[in-house]
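Below is one structure, written out as structure tokens; comments come after it.
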Amino acid sequence: MAKKQKEKPEQTIAINGEEHNVSDLSEEQVAMVNHLHDLDRKIGSSQFNLDQLNVGRNAFMDILTASLVVEEVDEVA
């Protein structure tokens, strides 16, 4: 008995709130979608790195500020 192959549902993408069938897009449009997807991934990765850098910078600023307070206390004593 032969198995029936399931039909794959049409792949769609939302562009500016409108659904489009990927198979209806030109090669150039598909390339643009791929570029946008890659850029979104890179922006997310950059934002993640920026968050890490800001937390690290804040930690060093806190350490520096605390060390200056300790120096002031030592000078007064």
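Letters for chains follow the order of the structure tokens (A, B, ...), residue numbers begin at 1 for each chain, and ligand numbers begin at 1 in the order shown.
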
Please identify which residues in chain A DSSP calls strand (DSSP E or B) from the backbone, and express them as a PDB file with C-alpha atoms, in the first residue's frame.
```
ATOM      1  CA  THR A  12       4.019  32.719   3.634  1.00  0.00           C
ATOM      2  CA  ILE A  13       5.692  35.822   4.943  1.00  0.00           C
ATOM      3  CA  ALA A  14       4.181  38.953   6.445  1.00  0.00           C
ATOM      4  CA  ILE A  15       5.413  42.184   4.889  1.00  0.00           C
ATOM      5  CA  GLU A  18       0.173  41.667   4.551  1.00  0.00           C
ATOM      6  CA  GLU A  19       0.671  37.939   3.997  1.00  0.00           C
ATOM      7  CA  HIS A  20       2.507  36.971   0.809  1.00  0.00           C
ATOM      8  CA  ASN A  21       3.176  33.514  -0.610  1.00  0.00           C
TER       9      ASN A  21
END
```

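We find CA of Val30 (chain A) and CA of Lys8 (chain A) to be spaced 18.9 Å apart.
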
Could you name the residues that touch Glu10 (chain A) at 9 Å or less, counting only C-alpha atoms, but leaving out those on the same chain fewer than 3 positions away, as JSON, numbers by chain? {"A": [7, 21, 22, 23]}

Selected residues written out with C-alpha atoms, as an mmCIF file, in the first residue's frame:
```
data_model
loop_
_atom_site.group_PDB
_atom_site.id
_atom_site.type_symbol
_atom_site.label_atom_id
_atom_site.label_comp_id
_atom_site.auth_asym_id
_atom_site.auth_seq_id
_atom_site.Cartn_x
_atom_site.Cartn_y
_atom_site.Cartn_z
ATOM 1 C CA GLU A 7 1.261 18.395 0.859
ATOM 2 C CA ASN A 21 3.176 33.514 -0.610
ATOM 3 C CA VAL A 22 6.923 33.072 -0.868
ATOM 4 C CA SER A 23 6.450 31.247 -4.179
#
```

I'd like to know which residues of chain A are helix (DSSP H, G or I) (by DSSP, run on the backbone); could you write them as a VMD selection string? chain A and resid 22 to 24 27 to 76

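The gap separating CA of Val73 (chain A) from CA of Asn54 (chain A) is 28.6 Å, in Å to one decimal.
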
Would you compute the distance between CA of Gln11 (chain A) and CA of Asp38 (chain A)? Give it in Å to one decimal.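 These two atoms are separated by 18.3 Å.
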